[in-house]
Structure formats: structure tokens, C-alpha cells
>>> print(open('structure31.txt').read())   # compact mmCIF, N, CA and C atoms
# COMPACT_ATOMS: atom_id res chain seq x y z
N MET A 1 4.42 24.81 -5.20
CA MET A 1 3.22 24.54 -5.95
C MET A 1 2.30 23.66 -5.09
N ILE A 2 1.09 24.05 -5.02
CA ILE A 2 0.10 23.29 -4.26
C ILE A 2 -0.84 22.61 -5.24
N THR A 3 -1.08 21.35 -4.98
CA THR A 3 -2.03 20.60 -5.82
C THR A 3 -3.13 20.04 -4.95
N THR A 4 -4.28 19.87 -5.54
CA THR A 4 -5.41 19.26 -4.84
C THR A 4 -6.11 18.29 -5.78
N LEU A 5 -6.79 17.34 -5.21
CA LEU A 5 -7.58 16.41 -6.00
C LEU A 5 -8.94 17.03 -6.32
N THR A 6 -9.45 16.68 -7.45
CA THR A 6 -10.82 17.06 -7.77
C THR A 6 -11.76 16.17 -6.96
N ALA A 7 -13.02 16.51 -6.98
CA ALA A 7 -14.01 15.67 -6.28
C ALA A 7 -14.00 14.26 -6.87
N THR A 8 -13.87 14.17 -8.18
CA THR A 8 -13.80 12.86 -8.83
C THR A 8 -12.56 12.10 -8.38
N GLY A 9 -11.44 12.78 -8.28
CA GLY A 9 -10.20 12.16 -7.82
C GLY A 9 -10.31 11.68 -6.38
N ARG A 10 -10.93 12.48 -5.53
CA ARG A 10 -11.12 12.08 -4.13
C ARG A 10 -12.02 10.85 -4.04
N ASP A 11 -13.08 10.83 -4.84
CA ASP A 11 -13.98 9.67 -4.85
C ASP A 11 -13.24 8.42 -5.30
N LEU A 12 -12.42 8.54 -6.33
CA LEU A 12 -11.65 7.40 -6.83
C LEU A 12 -10.66 6.92 -5.77
N LEU A 13 -9.99 7.84 -5.11
CA LEU A 13 -9.06 7.48 -4.04
C LEU A 13 -9.78 6.80 -2.89
N ASP A 14 -10.93 7.30 -2.52
CA ASP A 14 -11.71 6.68 -1.44
C ASP A 14 -12.13 5.26 -1.81
N ARG A 15 -12.58 5.05 -3.05
CA ARG A 15 -12.98 3.71 -3.47
C ARG A 15 -11.79 2.77 -3.48
N ALA A 16 -10.65 3.26 -3.95
CA ALA A 16 -9.45 2.42 -3.98
C ALA A 16 -9.04 2.05 -2.55
N TYR A 17 -9.10 3.00 -1.64
CA TYR A 17 -8.75 2.73 -0.24
C TYR A 17 -9.65 1.66 0.34
N GLN A 18 -10.95 1.75 0.06
CA GLN A 18 -11.89 0.75 0.59
C GLN A 18 -11.56 -0.64 0.04
N GLU A 19 -11.17 -0.71 -1.21
CA GLU A 19 -10.80 -2.00 -1.79
C GLU A 19 -9.55 -2.57 -1.12
N VAL A 20 -8.61 -1.69 -0.80
CA VAL A 20 -7.39 -2.13 -0.11
C VAL A 20 -7.74 -2.66 1.28
N VAL A 21 -8.62 -2.00 1.98
CA VAL A 21 -9.03 -2.45 3.31
C VAL A 21 -9.65 -3.85 3.23
N VAL A 22 -10.51 -4.07 2.26
CA VAL A 22 -11.14 -5.38 2.09
C VAL A 22 -10.07 -6.44 1.81
N LEU A 23 -9.13 -6.12 0.92
CA LEU A 23 -8.06 -7.06 0.58
C LEU A 23 -7.19 -7.36 1.80
N GLU A 24 -6.81 -6.33 2.55
CA GLU A 24 -5.98 -6.54 3.74
C GLU A 24 -6.69 -7.44 4.75
N ARG A 25 -7.97 -7.22 4.95
CA ARG A 25 -8.72 -8.06 5.89
C ARG A 25 -8.78 -9.51 5.41
N ALA A 26 -8.98 -9.70 4.12
CA ALA A 26 -9.03 -11.06 3.57
C ALA A 26 -7.68 -11.75 3.76
N LEU A 27 -6.59 -11.03 3.50
CA LEU A 27 -5.26 -11.62 3.69
C LEU A 27 -5.01 -11.94 5.16
N THR A 28 -5.38 -11.04 6.04
CA THR A 28 -5.16 -11.24 7.47
C THR A 28 -5.87 -12.49 7.96
N HIS A 29 -7.07 -12.73 7.48
CA HIS A 29 -7.84 -13.89 7.93
C HIS A 29 -7.32 -15.21 7.38
N ARG A 30 -6.47 -15.17 6.36
CA ARG A 30 -5.93 -16.39 5.76
C ARG A 30 -4.72 -16.94 6.50
N PHE A 31 -4.16 -16.15 7.41
CA PHE A 31 -2.94 -16.55 8.10
C PHE A 31 -3.18 -16.60 9.61
N ALA A 32 -2.48 -17.54 10.25
CA ALA A 32 -2.45 -17.54 11.72
C ALA A 32 -1.70 -16.29 12.15
N PRO A 33 -1.91 -15.81 13.37
CA PRO A 33 -1.25 -14.57 13.80
C PRO A 33 0.28 -14.58 13.61
N ASP A 34 0.94 -15.69 13.93
CA ASP A 34 2.40 -15.71 13.76
C ASP A 34 2.78 -15.71 12.28
N GLU A 35 1.99 -16.38 11.45
CA GLU A 35 2.23 -16.36 10.00
C GLU A 35 2.03 -14.95 9.44
N HIS A 36 1.00 -14.29 9.91
CA HIS A 36 0.70 -12.94 9.44
C HIS A 36 1.84 -11.99 9.79
N ALA A 37 2.35 -12.10 11.00
CA ALA A 37 3.47 -11.24 11.40
C ALA A 37 4.69 -11.49 10.53
N LEU A 38 4.98 -12.74 10.25
CA LEU A 38 6.12 -13.08 9.39
C LEU A 38 5.89 -12.59 7.97
N PHE A 39 4.69 -12.76 7.47
CA PHE A 39 4.34 -12.29 6.13
C PHE A 39 4.55 -10.78 6.03
N CYS A 40 4.09 -10.04 7.04
CA CYS A 40 4.27 -8.58 7.04
C CYS A 40 5.75 -8.21 7.08
N GLU A 41 6.53 -8.96 7.85
CA GLU A 41 7.97 -8.71 7.90
C GLU A 41 8.59 -8.90 6.51
N PHE A 42 8.21 -9.96 5.84
CA PHE A 42 8.72 -10.22 4.49
C PHE A 42 8.32 -9.10 3.53
N LEU A 43 7.07 -8.67 3.62
CA LEU A 43 6.62 -7.58 2.76
C LEU A 43 7.37 -6.29 3.04
N ASP A 44 7.62 -6.00 4.31
CA ASP A 44 8.37 -4.80 4.67
C ASP A 44 9.78 -4.85 4.10
N ARG A 45 10.43 -6.01 4.21
CA ARG A 45 11.78 -6.15 3.66
C ARG A 45 11.79 -6.02 2.15
N ALA A 46 10.81 -6.65 1.51
CA ALA A 46 10.73 -6.56 0.05
C ALA A 46 10.49 -5.11 -0.39
N THR A 47 9.61 -4.41 0.31
CA THR A 47 9.32 -3.02 -0.01
C THR A 47 10.56 -2.15 0.16
N ALA A 48 11.30 -2.37 1.25
CA ALA A 48 12.53 -1.60 1.49
C ALA A 48 13.55 -1.85 0.38
N THR A 49 13.67 -3.10 -0.04
CA THR A 49 14.61 -3.43 -1.11
C THR A 49 14.20 -2.75 -2.41
N LEU A 50 12.93 -2.80 -2.73
CA LEU A 50 12.45 -2.14 -3.94
C LEU A 50 12.69 -0.63 -3.88
N ALA A 51 12.44 -0.03 -2.73
CA ALA A 51 12.67 1.41 -2.58
C ALA A 51 14.14 1.75 -2.75
N GLU A 52 15.01 0.92 -2.22
CA GLU A 52 16.46 1.15 -2.36
C GLU A 52 16.91 1.03 -3.81
N GLN A 53 16.26 0.18 -4.58
CA GLN A 53 16.66 -0.07 -5.96
C GLN A 53 16.00 0.88 -6.96
N THR A 54 15.08 1.69 -6.49
CA THR A 54 14.36 2.62 -7.37
C THR A 54 15.10 3.95 -7.40
N PRO A 55 15.53 4.37 -8.60
CA PRO A 55 16.23 5.65 -8.67
C PRO A 55 15.30 6.80 -8.29
N PRO A 56 15.85 7.81 -7.63
CA PRO A 56 15.00 8.95 -7.26
C PRO A 56 14.54 9.71 -8.51
N THR A 57 13.37 10.29 -8.40
CA THR A 57 12.87 11.12 -9.49
C THR A 57 13.08 12.58 -9.12
N HIS A 58 13.30 13.38 -10.10
CA HIS A 58 13.52 14.81 -9.88
C HIS A 58 12.50 15.59 -10.68
N ALA A 59 11.80 16.46 -10.01
CA ALA A 59 10.83 17.29 -10.69
C ALA A 59 11.56 18.29 -11.58
N SER A 60 11.10 18.41 -12.79
CA SER A 60 11.77 19.35 -13.70
C SER A 60 11.07 20.70 -13.61
N ARG A 61 11.84 21.72 -13.43
CA ARG A 61 11.33 23.09 -13.37
C ARG A 61 12.45 24.02 -13.65
>>> encode(input="structure31.txt", output="C-alpha cells")
Amino acid sequence: MITTLTATGRDLLDRAYQEVVVLERALTHRFAPDEHALFCEFLDRATATLAEQTPPTHASR
């Protein structure tokens, strides 16, 4: 099955992406380079842990 976004969906995704970019830049500027690297490492570890703890979903068909 192939799915596509509508034009409205693409616009919403684009706006959300732009907001994420602004947020990432703001966060980056709040930390010294070594702090930023450590922060990213912590986020990566936290994300991996959450992914490991999330049960897989199965598409029903």
C-alpha cells in the first residue's frame, strides 16, 4: 500500500520541521560545545531506551 500526504499535510509537516529547526538552534546556542555534545549523547541514550521499551506495532490486514 502506498500512501502520500495531501498538500495540506505537506504544508503542516514543513511548518513543523521549521519549528524544530528553530528549537534545535536555540538549544544549541544555550550550551558550550562540550555540553552540547554530552546533551546529545544523553538524548540519544534516552531515545534508545524508549525505543527498546516500546512494544512493536503490527499493521492489521
>>> select_by_dssp(input="structure31.txt", residues="chain A", states="helix (DSSP H, G or I)", output="PyMOL selection string")
chain A and resi 7-30+33-53
>>> atom_distance(input="structure31.txt", atom1="atom C of Glu35 in chain A", atom2="atom N of Thr54 in chain A")
26.5 Å
>>> atom_distance(input="structure31.txt", atom1="CA of Leu38 in chain A", atom2="atom N of Tyr17 in chain A")
24.7 Å
>>> decode(input="structure31.txt", residues="range 24-37 of chain A", atoms="N, CA and C atoms", output="PDB file, in the first residue's frame")
ATOM      1  N   GLU A  24      15.992  23.568  17.732  1.00  0.00           N
ATOM      2  CA  GLU A  24      17.325  22.961  17.802  1.00  0.00           C
ATOM      3  C   GLU A  24      18.411  24.032  17.843  1.00  0.00           C
ATOM      4  N   ARG A  25      18.266  25.066  17.050  1.00  0.00           N
ATOM      5  CA  ARG A  25      19.260  26.144  17.056  1.00  0.00           C
ATOM      6  C   ARG A  25      19.282  26.865  18.397  1.00  0.00           C
ATOM      7  N   ALA A  26      18.113  27.104  18.964  1.00  0.00           N
ATOM      8  CA  ALA A  26      18.048  27.767  20.267  1.00  0.00           C
ATOM      9  C   ALA A  26      18.720  26.913  21.335  1.00  0.00           C
ATOM     10  N   LEU A  27      18.464  25.611  21.310  1.00  0.00           N
ATOM     11  CA  LEU A  27      19.099  24.716  22.283  1.00  0.00           C
ATOM     12  C   LEU A  27      20.611  24.675  22.088  1.00  0.00           C
ATOM     13  N   THR A  28      21.044  24.604  20.852  1.00  0.00           N
ATOM     14  CA  THR A  28      22.473  24.538  20.559  1.00  0.00           C
ATOM     15  C   THR A  28      23.202  25.764  21.098  1.00  0.00           C
ATOM     16  N   HIS A  29      22.595  26.923  20.964  1.00  0.00           N
ATOM     17  CA  HIS A  29      23.239  28.155  21.412  1.00  0.00           C
ATOM     18  C   HIS A  29      23.266  28.304  22.927  1.00  0.00           C
ATOM     19  N   ARG A  30      22.487  27.520  23.652  1.00  0.00           N
ATOM     20  CA  ARG A  30      22.441  27.597  25.113  1.00  0.00           C
ATOM     21  C   ARG A  30      23.549  26.802  25.790  1.00  0.00           C
ATOM     22  N   PHE A  31      24.240  25.964  25.033  1.00  0.00           N
ATOM     23  CA  PHE A  31      25.260  25.092  25.608  1.00  0.00           C
ATOM     24  C   PHE A  31      26.620  25.367  24.971  1.00  0.00           C
ATOM     25  N   ALA A  32      27.660  25.203  25.785  1.00  0.00           N
ATOM     26  CA  ALA A  32      29.019  25.214  25.238  1.00  0.00           C
ATOM     27  C   ALA A  32      29.156  23.970  24.368  1.00  0.00           C
ATOM     28  N   PRO A  33      30.087  23.962  23.416  1.00  0.00           N
ATOM     29  CA  PRO A  33      30.208  22.807  22.519  1.00  0.00           C
ATOM     30  C   PRO A  33      30.335  21.458  23.245  1.00  0.00           C
ATOM     31  N   ASP A  34      31.132  21.401  24.311  1.00  0.00           N
ATOM     32  CA  ASP A  34      31.274  20.121  25.018  1.00  0.00           C
ATOM     33  C   ASP A  34      29.986  19.752  25.755  1.00  0.00           C
ATOM     34  N   GLU A  35      29.283  20.745  26.278  1.00  0.00           N
ATOM     35  CA  GLU A  35      27.989  20.483  26.923  1.00  0.00           C
ATOM     36  C   GLU A  35      26.968  19.987  25.905  1.00  0.00           C
ATOM     37  N   HIS A  36      26.972  20.602  24.744  1.00  0.00           N
ATOM     38  CA  HIS A  36      26.033  20.216  23.684  1.00  0.00           C
ATOM     39  C   HIS A  36      26.276  18.772  23.266  1.00  0.00           C
ATOM     40  N   ALA A  37      27.524  18.400  23.102  1.00  0.00           N
ATOM     41  CA  ALA A  37      27.844  17.023  22.722  1.00  0.00           C
ATOM     42  C   ALA A  37      27.361  16.033  23.781  1.00  0.00           C
TER      43      ALA A  37
END
